[in-house]
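Undergrad: Please find run-v5.txt (compact mmCIF, C-alpha atoms) on the next line:
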```txt
# COMPACT_ATOMS: atom_id res chain seq x y z
CA MET A 213 140.30 109.55 86.64
CA LYS A 214 142.93 109.32 83.95
CA GLN A 215 145.60 110.39 86.41
CA TRP A 216 144.33 107.86 88.96
CA PHE A 217 144.40 105.11 86.33
CA LEU A 218 147.88 106.01 85.12
CA GLY A 219 149.07 106.24 88.74
CA LEU A 220 148.22 102.56 89.35
CA PRO A 221 151.35 100.43 89.75
CA GLY A 222 152.51 97.82 87.26
CA PRO A 223 152.16 97.32 83.52
CA MET A 224 149.08 98.43 81.55
CA ALA A 225 147.36 95.01 81.77
CA LEU A 226 147.66 95.03 85.56
CA LYS A 227 146.36 98.60 85.69
CA VAL A 228 143.28 97.54 83.73
CA VAL A 229 142.63 94.54 86.01
CA MET A 230 143.05 96.68 89.13
CA ALA A 231 140.75 99.35 87.75
CA VAL A 232 138.05 96.80 86.89
CA VAL A 233 138.30 95.22 90.36
CA ALA A 234 138.14 98.64 92.01
CA VAL A 235 135.03 99.59 90.01
CA LEU A 236 133.31 96.27 90.87
CA VAL A 237 134.12 96.66 94.58
CA GLY A 238 132.79 100.20 94.41
CA LEU A 239 129.55 99.07 92.76
CA VAL A 240 128.98 96.31 95.32
CA ALA A 241 129.65 98.79 98.17
CA LEU A 242 127.24 101.22 96.54
CA PHE A 243 124.60 98.48 96.23
CA PHE A 244 124.82 97.72 99.97
CA PHE A 245 124.77 101.42 100.78
CA TYR A 246 121.63 101.87 98.68
CA ASP A 247 120.08 98.86 100.37
CA TRP A 248 120.85 100.26 103.81
CA ILE A 249 119.44 103.69 103.00
CA GLY A 250 116.37 102.14 101.38
CA ALA A 251 115.65 99.90 104.37
CA ASN A 252 116.01 102.76 106.83
CA MET A 253 114.32 105.60 105.00
CA LEU A 254 112.27 104.38 102.06
CA ASP A 255 110.72 101.07 103.04
CA SER A 256 111.71 98.99 106.05
CA GLY A 257 109.29 96.19 105.24
CA GLY A 258 106.57 97.48 107.53
CA THR A 259 107.61 95.67 110.67
CA ILE A 260 106.30 96.81 114.03
CA GLY A 261 108.44 97.37 117.10
CA MET B 55 159.74 152.38 79.44
CA ASP B 56 156.70 152.12 77.13
CA GLU B 57 155.14 149.27 79.04
CA PRO B 58 151.34 149.32 78.70
CA ILE B 59 149.81 149.93 82.09
CA THR B 60 146.72 147.75 81.27
CA ALA B 61 148.69 144.52 80.90
CA PRO B 62 148.58 143.45 84.59
CA VAL B 63 144.83 144.12 84.72
CA GLU B 64 144.23 141.85 81.71
CA LYS B 65 146.31 139.05 83.29
CA SER B 66 144.34 139.34 86.52
CA GLY B 67 141.02 139.19 84.63
CA SER B 68 142.08 136.15 82.71
CA ARG B 69 143.17 134.47 85.94
CA SER B 70 139.73 135.22 87.49
CA MET B 71 138.01 133.76 84.46
CA GLY B 72 140.18 130.64 84.80
CA VAL B 73 139.20 130.20 88.46
CA LEU B 74 135.53 130.74 87.62
CA THR B 75 135.69 128.22 84.81
CA ARG B 76 137.27 125.72 87.15
CA ILE B 77 134.58 126.27 89.80
CA VAL B 78 131.80 125.88 87.22
CA ARG B 79 133.44 122.71 85.94
CA ILE B 80 133.69 121.23 89.46
CA VAL B 81 130.11 122.16 90.30
CA GLY B 82 128.94 120.72 86.98
CA TRP B 83 130.74 117.41 87.42
CA THR B 84 129.63 117.16 91.05
CA SER B 85 126.02 117.68 89.97
CA ILE B 86 126.34 115.01 87.30
CA VAL B 87 127.86 112.52 89.75
CA VAL B 88 125.27 113.25 92.45
CA GLY B 89 122.49 112.99 89.85
CA LEU B 90 123.81 109.63 88.67
CA LEU B 91 124.05 108.37 92.26
CA ILE B 92 120.44 109.39 92.94
CA LEU B 93 119.30 107.83 89.66
CA GLY B 94 121.20 104.69 90.60
CA PHE B 95 119.48 104.63 93.99
CA VAL B 96 116.03 104.94 92.43
CA VAL B 97 116.76 102.26 89.83
CA GLN B 98 118.25 99.93 92.45
CA GLN B 99 115.39 100.36 94.91
CA LEU B 100 112.46 100.25 92.51
CA PHE B 101 113.63 97.89 89.80
CA VAL B 102 116.63 95.84 90.93
CA THR B 103 115.09 94.88 94.30
CA THR B 104 111.84 93.97 92.56
CA TRP B 105 113.68 91.82 90.05
CA PHE B 106 115.47 90.01 92.89
CA SER B 107 112.19 89.57 94.74
CA GLN B 108 110.47 88.12 91.68
CA GLN B 109 113.26 85.57 91.27
CA HIS B 110 112.87 84.58 94.92
CA GLN B 111 109.07 84.43 94.62
CA GLU B 112 109.26 81.89 91.82
CA ALA B 113 111.45 79.61 93.93
CA LEU B 114 109.44 80.23 97.10
CA SER B 115 106.17 79.47 95.33
CA GLU B 116 107.44 75.96 94.61
CA GLU B 117 108.73 75.67 98.18
CA ALA B 118 105.31 76.64 99.54
CA GLU B 119 103.57 74.04 97.33
CA GLU B 120 105.98 71.43 98.65
CA HIS B 121 105.31 72.60 102.20
CA PHE B 122 101.54 72.24 101.67
CA ALA B 123 102.07 68.67 100.50
CA THR B 124 104.48 67.58 103.21
CA ALA B 125 103.63 69.61 106.34
CA GLU B 126 102.30 67.62 109.25
CA VAL B 127 98.78 68.71 110.14
CA THR B 128 97.38 67.48 113.43
CA GLU B 129 94.04 67.76 115.20
CA VAL B 130 94.08 69.24 118.69
CA GLU B 131 91.34 69.83 121.20
CA TYR B 132 90.43 73.48 121.45
CA ILE B 133 88.34 75.26 124.03
CA PRO B 134 87.26 78.73 122.86
CA PRO B 135 87.88 81.39 125.53
CA THR B 136 84.30 82.58 125.12
CA SER B 137 82.69 79.15 125.60
CA ALA B 138 80.57 78.35 128.63
CA GLY B 139 82.76 77.39 131.54
CA ASN B 140 85.31 80.14 131.07
CA PRO B 141 88.01 77.60 130.23
CA GLY B 142 90.80 80.05 130.66
CA GLU B 143 90.32 79.51 134.35
CA VAL B 144 89.51 75.81 134.32
CA THR B 145 92.04 73.10 135.04
CA VAL B 146 91.49 69.55 133.79
CA ASN B 147 93.28 67.32 136.28
CA PRO B 148 95.21 64.18 135.31
CA ASP B 149 92.51 62.00 136.89
CA GLY B 150 89.88 63.58 134.63
CA THR B 151 88.29 65.80 137.25
CA VAL B 152 87.85 69.48 136.51
CA THR B 153 88.81 72.28 138.86
CA PRO B 154 87.02 75.54 138.20
CA GLY B 155 89.09 78.70 138.21
CA ALA B 156 88.91 81.54 140.65
CA GLY B 157 86.32 83.29 138.54
CA GLY B 158 83.64 80.69 139.10
CA SER B 159 82.90 78.38 136.18
CA THR B 160 80.27 76.34 137.95
CA THR B 161 76.73 75.39 137.14
CA ASP B 162 73.79 76.65 139.19
CA ASP B 163 74.07 73.63 141.50
CA GLY B 164 77.77 74.28 142.13
CA ALA B 165 79.23 71.56 139.91
CA PRO B 166 82.21 72.46 137.76
CA LEU B 167 81.09 73.49 134.32
CA VAL B 168 82.91 71.40 131.72
CA PRO B 169 83.73 73.54 128.72
CA GLU B 170 82.83 72.46 125.24
CA LYS B 171 85.84 71.09 123.38
CA ARG B 172 86.27 71.46 119.65
CA THR B 173 88.74 70.16 117.13
CA LEU B 174 91.27 72.54 115.65
CA LEU B 175 93.58 71.75 112.75
CA VAL B 176 97.14 72.77 113.57
CA GLU B 177 100.40 72.72 111.67
CA SER B 178 103.77 73.00 113.38
CA THR B 179 105.51 76.38 113.25
CA PRO B 180 107.76 76.52 110.18
CA GLU B 181 111.46 77.27 110.51
CA ASN B 182 112.70 80.82 109.95
CA GLY B 183 112.81 81.65 106.25
CA THR B 184 110.55 78.77 105.19
CA ALA B 185 107.82 79.54 102.65
CA PHE B 186 104.68 78.22 104.31
CA ALA B 187 101.71 80.28 103.07
CA VAL B 188 100.36 82.26 100.13
CA ILE B 189 98.39 85.47 100.62
CA ARG B 190 95.82 86.51 98.02
CA ILE B 191 93.74 89.67 97.83
CA PRO B 192 91.32 89.51 94.87
CA THR B 193 90.69 93.27 94.86
CA ILE B 194 94.40 94.09 94.52
CA GLU B 195 95.85 93.28 91.11
CA ARG B 196 99.36 92.65 92.42
CA LEU B 197 98.06 90.10 94.94
CA GLU B 198 95.37 88.52 92.77
CA GLU B 199 97.61 85.57 91.94
CA GLY B 200 99.09 85.41 95.43
CA TRP B 201 102.34 86.29 97.16
CA THR B 202 104.36 83.76 99.10
CA VAL B 203 104.72 84.28 102.84
CA VAL B 204 107.84 83.19 104.69
CA GLU B 205 108.37 82.70 108.40
CA GLY B 206 110.14 85.66 110.03
CA VAL B 207 110.22 89.43 109.58
CA GLU B 208 113.95 90.05 109.43
CA LEU B 209 115.18 92.18 106.52
CA ARG B 210 116.44 89.11 104.66
CA ASN B 211 113.03 87.42 105.04
CA LEU B 212 111.14 90.43 103.73
CA LYS B 213 113.42 90.69 100.70
CA ASN B 214 112.06 87.32 99.58
CA GLY B 215 108.38 87.63 100.36
CA ALA B 216 105.86 88.82 102.89
CA GLY B 217 106.92 87.76 106.39
CA HIS B 218 104.96 86.19 109.23
CA MET B 219 105.84 87.70 112.59
CA PRO B 220 107.18 84.98 114.91
CA HIS B 221 105.40 84.50 118.24
CA THR B 222 102.07 85.36 116.65
CA PRO B 223 99.74 82.51 115.61
CA LEU B 224 99.89 81.11 112.10
CA PRO B 225 97.06 82.19 109.78
CA GLY B 226 93.83 80.34 110.53
CA MET B 227 94.66 79.91 114.21
CA PRO B 228 92.92 81.62 117.14
CA GLY B 229 94.46 84.97 118.06
CA ASN B 230 96.17 87.58 115.92
CA SER B 231 98.41 86.46 113.06
CA VAL B 232 100.67 89.27 111.85
CA ILE B 233 102.13 89.47 108.34
CA SER B 234 104.44 92.30 107.22
CA GLY B 235 105.46 93.27 103.70
CA HIS B 236 107.23 95.90 101.62
CA ARG B 237 105.15 98.69 100.11
CA THR B 238 107.52 100.23 97.57
CA THR B 239 110.57 97.99 97.19
CA TYR B 240 111.30 94.26 96.84
CA GLY B 241 108.26 93.60 94.69
CA ALA B 242 106.12 95.83 96.90
CA PRO B 243 103.51 93.15 97.70
CA PHE B 244 101.58 95.53 99.97
CA HIS B 245 101.75 98.53 97.61
CA GLU B 246 97.98 98.91 97.39
CA VAL B 247 96.79 97.60 100.74
CA GLY B 248 95.92 101.18 101.62
CA ASP B 249 93.06 100.87 99.12
CA LEU B 250 91.42 98.10 101.13
CA VAL B 251 88.09 98.93 102.74
CA PRO B 252 86.02 97.06 105.33
CA GLY B 253 84.41 94.04 103.72
CA ASP B 254 87.25 93.31 101.26
CA VAL B 255 88.39 89.71 101.26
CA ILE B 256 91.88 88.40 102.05
CA GLU B 257 92.66 84.73 101.49
CA VAL B 258 95.60 82.86 102.97
CA ASP B 259 96.53 79.35 101.82
CA THR B 260 98.37 77.20 104.35
CA ALA B 261 98.99 73.48 104.73
CA ILE B 262 95.66 73.30 106.56
CA GLY B 263 93.62 74.88 103.78
CA THR B 264 92.40 78.29 102.64
CA HIS B 265 91.51 80.77 105.36
CA THR B 266 89.24 83.62 104.29
CA TYR B 267 89.35 86.92 106.15
CA GLU B 268 87.29 90.06 105.82
CA VAL B 269 88.84 93.48 106.34
CA ARG B 270 87.42 95.18 109.42
CA GLU B 271 89.62 98.26 109.81
CA VAL B 272 92.52 100.09 108.14
CA ILE B 273 94.53 102.47 110.34
CA VAL B 274 97.87 104.32 110.45
CA VAL B 275 100.09 104.02 113.53
CA GLN B 276 103.66 104.74 114.62
CA PRO B 277 106.21 101.94 114.07
CA THR B 278 106.54 101.48 117.83
CA GLU B 279 102.85 100.77 118.48
CA LEU B 280 103.17 97.13 119.40
CA TRP B 281 99.56 96.85 120.54
CA VAL B 282 98.51 96.11 116.96
CA THR B 283 100.25 92.73 117.26
CA GLU B 284 98.64 91.78 120.55
CA PRO B 285 96.35 88.73 120.77
CA ARG B 286 92.69 89.19 119.82
CA GLU B 287 89.60 87.22 120.57
CA GLY B 288 88.59 85.05 117.62
CA SER B 289 90.94 84.65 114.66
CA TRP B 290 92.47 87.74 113.08
CA LEU B 291 94.97 88.56 110.39
CA THR B 292 96.90 91.81 110.73
CA LEU B 293 98.84 93.16 107.76
CA THR B 294 101.53 95.76 108.44
CA THR B 295 103.43 97.85 105.91
CA CYS B 296 105.20 101.22 105.61
CA HIS B 297 103.24 104.46 105.36
CA PRO B 298 103.11 106.75 103.49
CA LYS B 299 104.42 105.22 100.28
CA PHE B 300 108.18 105.84 99.83
CA SER B 301 108.64 106.49 103.54
CA ALA B 302 109.29 104.33 106.61
CA ARG B 303 107.95 107.01 108.94
CA GLN B 304 104.67 105.29 109.91
CA ARG B 305 102.86 101.98 109.51
CA LEU B 306 99.64 101.14 107.70
CA ILE B 307 97.72 98.44 109.52
CA VAL B 308 94.94 96.28 108.11
CA PHE B 309 92.88 94.27 110.59
CA ALA B 310 90.91 91.40 109.07
CA GLU B 311 88.77 88.77 110.79
CA LEU B 312 88.37 85.12 109.83
CA VAL B 313 85.04 84.50 108.12
CA ASP B 314 85.62 81.08 106.55
CA GLY B 315 88.10 78.23 106.53
CA PRO B 316 88.91 74.85 108.04
CA ASN B 317 89.09 76.25 111.59
CA TRP B 318 86.29 78.82 111.44
CA GLU B 319 83.70 76.54 113.02
CA ALA B 320 85.98 75.51 115.88
CA ILE B 321 86.79 79.12 116.69
CA TYR B 322 83.48 80.89 116.10
CA ALA B 323 80.56 78.46 115.95
```
What is this structure when it is put down as structure tokens?
TA:
Amino acid sequence: MKQWFLGLPGPMALKVVMAVVAVLVGLVALFFFYDWIGANMLDSGGTIG
Amino acid sequence: MDEPITAPVEKSGSRSMGVLTRIVRIVGWTSIVVGLLILGFVVQQLFVTTWFSQQHQEALSEEAEEHFATAEVTEVEYIPPTSAGNPGEVTVNPDGTVTPGAGGSTTDDGAPLVPEKRTLLVESTPENGTAFAVIRIPTIERLEEGWTVVEGVELRNLKNGAGHMPHTPLPGMPGNSVISGHRTTYGAPFHEVGDLVPGDVIEVDTAIGTHTYEVREVIVVQPTELWVTEPREGSWLTLTTCHPKFSARQRLIVFAELVDGPNWEAIYA
């Protein structure tokens, strides 16, 4: 993680911004992934057909 | 020339220990990450979705109240399929004469039997996503206060509330009105419907009034068994949800029949 962070281009401030954006994008993607798995395996809402 | 012969063995052992340590570290971190991902999934599904659903329910509750106050309710003539004259086969001509169907529908002296007409209160079908009803089940704590029902059973509809299946009648109408809902996520409105037994009461508020149903049967079917949504004689409410809890493998179905409400007399009397 540290290596990945230090490997980001630009000055330290830009690295921090890029890291925060990357984490947020990752969390949103994870949220949709969870939602997709949940709807398909855990609880689809009980619809028929 | 006095080199110790054990030195290479010690270096090899230390290298093996290093590799082992590295493997243990990777396995350990992988387990932690996988554990956190699973924990995140559980928290997201059970708590975050419920929180979202509760926020939507508050807004939808107000929308439903507004719908009750503004929806256009009309009176239409209704001929019960079971009434004398077998109206399903009778045609009322523009000039007022009645043509009996192929199945008969005539009196003893051969005259067409005019079916008894009744007045049914009808509201127009709400647009997809509109909150138009509230379902209440007094014997289920979660549904004691009511849960808002929206039109449509797409995933986005069911995230907000219970969903009325399009192309089935609205609650309180003749036929089979189907409402689906989550059982474990998004507020899990139908979490305890498996506890319902014949005789339990289900109430549905619509713009027309409160329709009271009594549970007749609770069954488990496969998700593809569309027959549960087919029209029924009289007025029925069918609740569908996932079964067993925490699985979308099957469906729990609750059949309930109308026993009271603004349209009961027109349909059953």
Undergrad: Can you build me a table of chain A residues sitting at most 9 Å from chain B, with the closest atom pair per residue and its distance in Å to one decimal, using only C-alpha atoms, sorted by chain and residue number, as CSV?
TA:
```
residue,atom,partner,partner_atom,distance
A:Leu242,CA,B:Phe95,CA,8.9
A:Phe243,CA,B:Gln98,CA,7.5
A:Tyr246,CA,B:Phe95,CA,5.9
A:Asp247,CA,B:Gln99,CA,7.4
A:Gly250,CA,B:Gln99,CA,6.8
A:Ala251,CA,B:Leu209,CA,8.0
A:Asn252,CA,B:Ala302,CA,6.9
A:Met253,CA,B:Ala302,CA,5.4
A:Leu254,CA,B:Ser301,CA,4.5
A:Asp255,CA,B:Ala302,CA,5.0
A:Ser256,CA,B:Ala302,CA,5.9
A:Gly257,CA,B:His236,CA,4.2
A:Gly258,CA,B:Thr295,CA,3.6
A:Thr259,CA,B:Ser234,CA,5.8
A:Ile260,CA,B:Pro277,CA,5.1
A:Gly261,CA,B:Thr278,CA,4.6
```
Undergrad: Calculate how many Å separate CA of Leu174 in chain B from CA of Gly315 in chain B, rounding to one decimal.
TA: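 If I compute the distance from CA of Leu174 in chain B to CA of Gly315 in chain B, I get 11.2 Å.
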Undergrad: Which value, in Å to one decimal, gives the distance between CA of Ala310 in chain B and CA of Thr260 in chain B?
TA: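 Rounded to one decimal, the two atoms are 16.7 Å apart.
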Undergrad: Expressed in Å to a single decimal, how great is the separation between CA of Thr222 in chain B and CA of Phe186 in chain B?
TA: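 So the answer is 14.5 Å.
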Undergrad: Point out the residue among B:Arg76, B:His121, B:His110, B:Lys171 with the least atom-to-atom distance to Ala323 in chain B, counting only C-alpha atoms.
TA: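 When distances to Ala323 in chain B are compared using only C-alpha atoms, the smallest one comes from B:Lys171.
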Undergrad: What's the 12 Å shell around Trp216 in chain A, counting all atoms listed in the file, without same-chain residues fewer than 5 positions away, as a PyMOL selection string?
TA: chain A and resi 221+227-228+230-231+234
Undergrad: Smallest atom-to-atom distance to Pro223 in chain B: which of B:Leu197, B:Val176, B:Val269, B:Leu93, using only C-alpha atoms?
TA: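 Checking each candidate against Pro223 in chain B, we get B:Val176 as the closest.
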Undergrad: Pick out the residues sitting within 9 Å of Ala123 in chain B, and hand them over as an mmCIF file with C-alpha atoms, in the coordinates of the input; count only C-alpha atoms, and ignore anything fewer than 4 positions along from it in its own chain.
TA:
```cif
data_model
loop_
_atom_site.group_PDB
_atom_site.id
_atom_site.type_symbol
_atom_site.label_atom_id
_atom_site.label_comp_id
_atom_site.auth_asym_id
_atom_site.auth_seq_id
_atom_site.Cartn_x
_atom_site.Cartn_y
_atom_site.Cartn_z
ATOM 1 C CA ALA B 118 105.310 76.640 99.540
ATOM 2 C CA GLU B 119 103.570 74.040 97.330
ATOM 3 C CA ALA B 261 98.990 73.480 104.730
#
```
